[in-house]
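Notes follow the structure.
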Amino acid sequence: MSEIPLSSPDITDAEIAAVTSVLRSGRLSIGPRQDLFEQMVAERAKRRHGVAVSSGTAGLHLALAALGIGPGDEVVTTPFSFIASANCILMTGAKPVFVDIDPVSLNMDPAKVEAAITPRTKAILAVEVFANCAHMQRLAQIAQAHEIPLVEDCCEALGAQYHGKPAGSFGRVGVFGFYPNKQITTGEGGVIVTDDDKLADACRSMRNQGRAVAVGEPTQGGPHGSHIGSWLMHERMGYNYRLSEINAALGVVQMERLDEILQRRRNVAMMYLRRLLDWDQLIVPTVEAGCEQEVSWFVFVVRMISQYGQVERDRIISGLRRHEVGSSNYFPCIHLQPFYRQQFGHAKGDFPVAESISERTLALPFHNRLDETHVELVCHTLKIMVQREQLLKRN
Ligand SMILES: *Cc1c(COP(=O)(O)O)cnc(C)c1O
């Protein structure tokens, strides 16, 4: 590769064979692979139910809709995330209420969550940013004390654990995402996980146009195998958020390979850490000693020390890109996105911790096709860009 991309899916001949076999089978939607894939993801999160959907965003929307969240409700969430974790709240007609983050974990600060809860708060939507499950147990306790559900956006966290407890097991409901930049991919896709039978049924029905659950099950065969009339009988408002058999087949093989994929990602992360750990201009992601196997590396994001700001960070990203090294500003704060500023009157200064961190973070290429030579090249280029900023500061 001439350019070193930011992310790249880990696809082998086994995935290609599985997808081809679906195409040959003639059964392209509502079939056995959907069932198998969602069971595999649920098992990994130690949950009873998995509901496969067409994207992580669709899953978050369904989870909130199934919890009955709607207009007039508030949902407490983080401004330091991918836009989907706040947009899904808007999709239900509810209002996202942002709280600032903890500077170490980059997840919501539990004390600030507690302070933001009002009689209108109907859920806490917590994101495991960069696959970090810190504070999730505490947030679950806060949710329970206020008798509201914790919704876990674990779209970035498949395979991560915290003190032995897997991502996806902390909330009333959790949602994984499988866009191609995630640890594993289905092309597009997501899985909702929960132990709540009713909630799982509501999600199954709503992903399938509000049909009764049995109608959408593979054994019933969809439109042709179902009882007369049931395919066009709709019990509730629904959507088409189904995951195709093509996507699910890809997901099944990726799930079978998950541990191997995560181990390779850990190796790449260690290649970076060995080179970057002692740079005094950079803050690198750290792992608690003894917890290495609990980490599921999603991205490799470093942060410039606080002497630097957005201008310098952006120049470093441009410099890397000029040298064909992929880099991005994960994440711009959601409350400062043009649409959120307009809609809710947010401005700079509203969430100073999230803003300060957001302005100084940059993602480096991170995927399983990287070897020592690539990582050396990325770190070398990064060093030059940072040294250039140091020179500029002196002048
Ligand atoms: C990837 C991601 C999602 C879901 O994204 P989709 O592209 O809809 O699958 C949601 N929240 C976070 C934090 C994510 O990183």
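The chains in the structure tokens are called A, B, ... from first to last as shown; in each chain the residues are counted from 1, and the ligands are counted from 1 in the order shown.
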TODO: Extract, using only C-alpha atoms, all DNA, RNA and protein residues at most 12 Å from stretch 308-319 of chain A, discarding same-chain residues fewer than 2 positions from it, and format them as a ChimeraX atom specification.
DONE: /A:6,281-283,302-306,321-330,332,355-365,378,381-393
Using only C-alpha atoms, what does the table of stretch 321-392 of chain A residues within 9 Å of stretch 254-266 of chain A look like, with each row giving the shortest atom pair and its distance in Å to one decimal, sorted by chain and ascending number, as CSV?
```
residue,atom,partner,partner_atom,distance
A:Phe366,CA,A:Arg265,CA,7.9
A:His367,CA,A:Arg265,CA,6.5
A:Asn368,CA,A:Arg265,CA,5.9
```
Write down as a PDB file with C-alpha atoms, in the first residue's frame the residues of stretch 125-362 of chain A whose backbone DSSP state falls under helix (DSSP H, G or I).
```pdb
ATOM      1  CA  VAL A 129     -15.186   5.518  24.290  1.00  0.00           C
ATOM      2  CA  PHE A 130     -12.334   3.753  22.486  1.00  0.00           C
ATOM      3  CA  ALA A 131     -13.548   0.502  24.124  1.00  0.00           C
ATOM      4  CA  MET A 136     -19.918   1.588  33.659  1.00  0.00           C
ATOM      5  CA  GLN A 137     -20.620  -0.219  36.913  1.00  0.00           C
ATOM      6  CA  ARG A 138     -20.929   3.092  38.747  1.00  0.00           C
ATOM      7  CA  LEU A 139     -23.252   4.465  36.039  1.00  0.00           C
ATOM      8  CA  ALA A 140     -25.398   1.339  36.284  1.00  0.00           C
ATOM      9  CA  GLN A 141     -25.733   1.960  40.052  1.00  0.00           C
ATOM     10  CA  ILE A 142     -26.719   5.589  39.470  1.00  0.00           C
ATOM     11  CA  ALA A 143     -29.292   4.518  36.877  1.00  0.00           C
ATOM     12  CA  GLN A 144     -30.706   1.929  39.251  1.00  0.00           C
ATOM     13  CA  ALA A 145     -30.937   4.403  42.134  1.00  0.00           C
ATOM     14  CA  ASP A 197     -37.121 -10.763  27.216  1.00  0.00           C
ATOM     15  CA  LYS A 198     -39.749  -8.115  26.534  1.00  0.00           C
ATOM     16  CA  LEU A 199     -37.234  -5.557  25.381  1.00  0.00           C
ATOM     17  CA  ALA A 200     -35.619  -8.099  23.048  1.00  0.00           C
ATOM     18  CA  ASP A 201     -39.017  -8.987  21.577  1.00  0.00           C
ATOM     19  CA  ALA A 202     -39.904  -5.333  21.058  1.00  0.00           C
ATOM     20  CA  CYS A 203     -36.587  -4.806  19.237  1.00  0.00           C
ATOM     21  CA  ARG A 204     -37.118  -7.922  17.077  1.00  0.00           C
ATOM     22  CA  SER A 205     -40.575  -6.747  16.119  1.00  0.00           C
ATOM     23  CA  MET A 206     -39.529  -3.148  15.431  1.00  0.00           C
ATOM     24  CA  ARG A 207     -36.562  -4.132  13.258  1.00  0.00           C
ATOM     25  CA  VAL A 213     -41.889 -11.739  16.457  1.00  0.00           C
ATOM     26  CA  ALA A 214     -42.580 -15.274  15.135  1.00  0.00           C
ATOM     27  CA  VAL A 215     -43.235 -13.872  11.645  1.00  0.00           C
ATOM     28  CA  GLY A 216     -39.701 -12.604  11.390  1.00  0.00           C
ATOM     29  CA  PRO A 218     -36.203 -17.989   9.949  1.00  0.00           C
ATOM     30  CA  THR A 219     -38.322 -21.094  10.674  1.00  0.00           C
ATOM     31  CA  GLN A 220     -41.412 -19.149   9.635  1.00  0.00           C
ATOM     32  CA  GLY A 222     -40.750 -14.641   6.046  1.00  0.00           C
ATOM     33  CA  PRO A 223     -43.396 -13.784   3.447  1.00  0.00           C
ATOM     34  CA  HIS A 224     -43.723 -17.251   1.928  1.00  0.00           C
ATOM     35  CA  GLY A 225     -43.556 -19.588   4.888  1.00  0.00           C
ATOM     36  CA  SER A 230     -49.326 -12.519   9.177  1.00  0.00           C
ATOM     37  CA  TRP A 231     -46.574 -11.066   6.953  1.00  0.00           C
ATOM     38  CA  LEU A 232     -48.736  -8.019   6.345  1.00  0.00           C
ATOM     39  CA  GLU A 245     -27.875 -12.924   5.509  1.00  0.00           C
ATOM     40  CA  ILE A 246     -24.911 -11.709   3.454  1.00  0.00           C
ATOM     41  CA  ASN A 247     -23.828  -9.357   6.227  1.00  0.00           C
ATOM     42  CA  ALA A 248     -24.619 -11.880   8.967  1.00  0.00           C
ATOM     43  CA  ALA A 249     -22.543 -14.618   7.281  1.00  0.00           C
ATOM     44  CA  LEU A 250     -19.577 -12.247   7.222  1.00  0.00           C
ATOM     45  CA  GLY A 251     -20.205 -11.527  10.906  1.00  0.00           C
ATOM     46  CA  VAL A 252     -20.306 -15.204  11.886  1.00  0.00           C
ATOM     47  CA  VAL A 253     -16.814 -15.833  10.483  1.00  0.00           C
ATOM     48  CA  GLN A 254     -15.498 -12.602  12.009  1.00  0.00           C
ATOM     49  CA  MET A 255     -16.893 -13.680  15.400  1.00  0.00           C
ATOM     50  CA  GLU A 256     -15.218 -17.085  15.045  1.00  0.00           C
ATOM     51  CA  LEU A 258     -12.540 -12.532  17.111  1.00  0.00           C
ATOM     52  CA  ASP A 259      -9.889 -13.633  19.610  1.00  0.00           C
ATOM     53  CA  GLU A 260      -7.280 -13.977  16.882  1.00  0.00           C
ATOM     54  CA  ILE A 261      -8.209 -10.539  15.501  1.00  0.00           C
ATOM     55  CA  LEU A 262      -8.064  -8.899  18.941  1.00  0.00           C
ATOM     56  CA  GLN A 263      -4.695 -10.491  19.673  1.00  0.00           C
ATOM     57  CA  ARG A 264      -3.256  -9.105  16.445  1.00  0.00           C
ATOM     58  CA  ARG A 265      -4.638  -5.668  17.306  1.00  0.00           C
ATOM     59  CA  ARG A 266      -2.980  -5.903  20.735  1.00  0.00           C
ATOM     60  CA  ASN A 267       0.310  -6.670  19.026  1.00  0.00           C
ATOM     61  CA  VAL A 268       0.012  -3.590  16.805  1.00  0.00           C
ATOM     62  CA  ALA A 269      -0.850  -1.441  19.836  1.00  0.00           C
ATOM     63  CA  MET A 270       2.291  -2.724  21.581  1.00  0.00           C
ATOM     64  CA  MET A 271       4.381  -1.805  18.514  1.00  0.00           C
ATOM     65  CA  TYR A 272       3.141   1.765  18.924  1.00  0.00           C
ATOM     66  CA  LEU A 273       3.498   1.859  22.705  1.00  0.00           C
ATOM     67  CA  ARG A 274       7.087   0.604  22.604  1.00  0.00           C
ATOM     68  CA  ARG A 275       7.977   3.532  20.335  1.00  0.00           C
ATOM     69  CA  LEU A 276       5.824   6.312  21.803  1.00  0.00           C
ATOM     70  CA  GLU A 292      -3.667  -6.224  28.892  1.00  0.00           C
ATOM     71  CA  GLN A 293      -5.929  -9.103  27.877  1.00  0.00           C
ATOM     72  CA  GLU A 294      -9.042  -7.125  28.905  1.00  0.00           C
ATOM     73  CA  GLN A 310      -6.196  22.659  18.011  1.00  0.00           C
ATOM     74  CA  VAL A 311      -4.114  24.651  15.493  1.00  0.00           C
ATOM     75  CA  GLU A 312      -0.979  22.622  16.202  1.00  0.00           C
ATOM     76  CA  ARG A 313      -2.900  19.334  16.313  1.00  0.00           C
ATOM     77  CA  ASP A 314      -4.575  20.063  12.967  1.00  0.00           C
ATOM     78  CA  ARG A 315      -1.218  20.935  11.404  1.00  0.00           C
ATOM     79  CA  ILE A 316       0.201  17.618  12.614  1.00  0.00           C
ATOM     80  CA  ILE A 317      -2.749  15.724  11.085  1.00  0.00           C
ATOM     81  CA  SER A 318      -2.296  17.559   7.762  1.00  0.00           C
ATOM     82  CA  GLY A 319       1.435  16.856   7.877  1.00  0.00           C
ATOM     83  CA  LEU A 320       0.841  13.150   8.399  1.00  0.00           C
ATOM     84  CA  ARG A 321      -1.681  13.053   5.565  1.00  0.00           C
ATOM     85  CA  ARG A 322       0.713  14.880   3.257  1.00  0.00           C
ATOM     86  CA  ILE A 334     -20.864  16.619  19.493  1.00  0.00           C
ATOM     87  CA  HIS A 335     -22.261  19.716  21.228  1.00  0.00           C
ATOM     88  CA  LEU A 336     -20.083  21.892  18.955  1.00  0.00           C
ATOM     89  CA  PRO A 338     -23.141  22.985  13.697  1.00  0.00           C
ATOM     90  CA  PHE A 339     -26.516  21.282  14.014  1.00  0.00           C
ATOM     91  CA  TYR A 340     -26.278  20.904  17.805  1.00  0.00           C
ATOM     92  CA  ARG A 341     -25.098  24.491  18.280  1.00  0.00           C
ATOM     93  CA  GLN A 342     -28.122  25.733  16.327  1.00  0.00           C
ATOM     94  CA  GLN A 343     -30.657  23.385  17.886  1.00  0.00           C
ATOM     95  CA  PHE A 344     -29.579  23.605  21.532  1.00  0.00           C
ATOM     96  CA  PRO A 352     -14.271  22.236  29.004  1.00  0.00           C
ATOM     97  CA  VAL A 353     -12.707  18.843  29.711  1.00  0.00           C
ATOM     98  CA  ALA A 354     -14.192  17.220  26.595  1.00  0.00           C
ATOM     99  CA  GLU A 355     -13.269  20.268  24.503  1.00  0.00           C
ATOM    100  CA  SER A 356      -9.692  20.480  25.708  1.00  0.00           C
ATOM    101  CA  ILE A 357      -9.117  16.772  25.070  1.00  0.00           C
ATOM    102  CA  SER A 358     -10.941  16.802  21.752  1.00  0.00           C
ATOM    103  CA  GLU A 359      -8.736  19.634  20.470  1.00  0.00           C
ATOM    104  CA  ARG A 360      -5.534  17.728  21.169  1.00  0.00           C
TER     105      ARG A 360
END
```
- [ ] Name the residues of stretch 199-349 of chain A that fall into strand (DSSP E or B) according to DSSP on the backbone, using the chain letters and numbers of this document, as a VMD selection string.
- [x] chain A and resid 208 240 282 to 283 300 to 304 325 328
Dump as JSON lines the rows for residues of stretch 75-122 of chain A within 7 Å of stretch 60-66 of chain A: closest atom pair and distance in Å with one decimal, only C-alpha atoms counted, ordered by chain and rising residue number.
```
{"residue": "A:Cys88", "atom": "CA", "partner": "A:His61", "partner_atom": "CA", "distance": 4.9}
{"residue": "A:Met91", "atom": "CA", "partner": "A:His61", "partner_atom": "CA", "distance": 6.7}
{"residue": "A:Thr92", "atom": "CA", "partner": "A:Ala65", "partner_atom": "CA", "distance": 6.4}
```
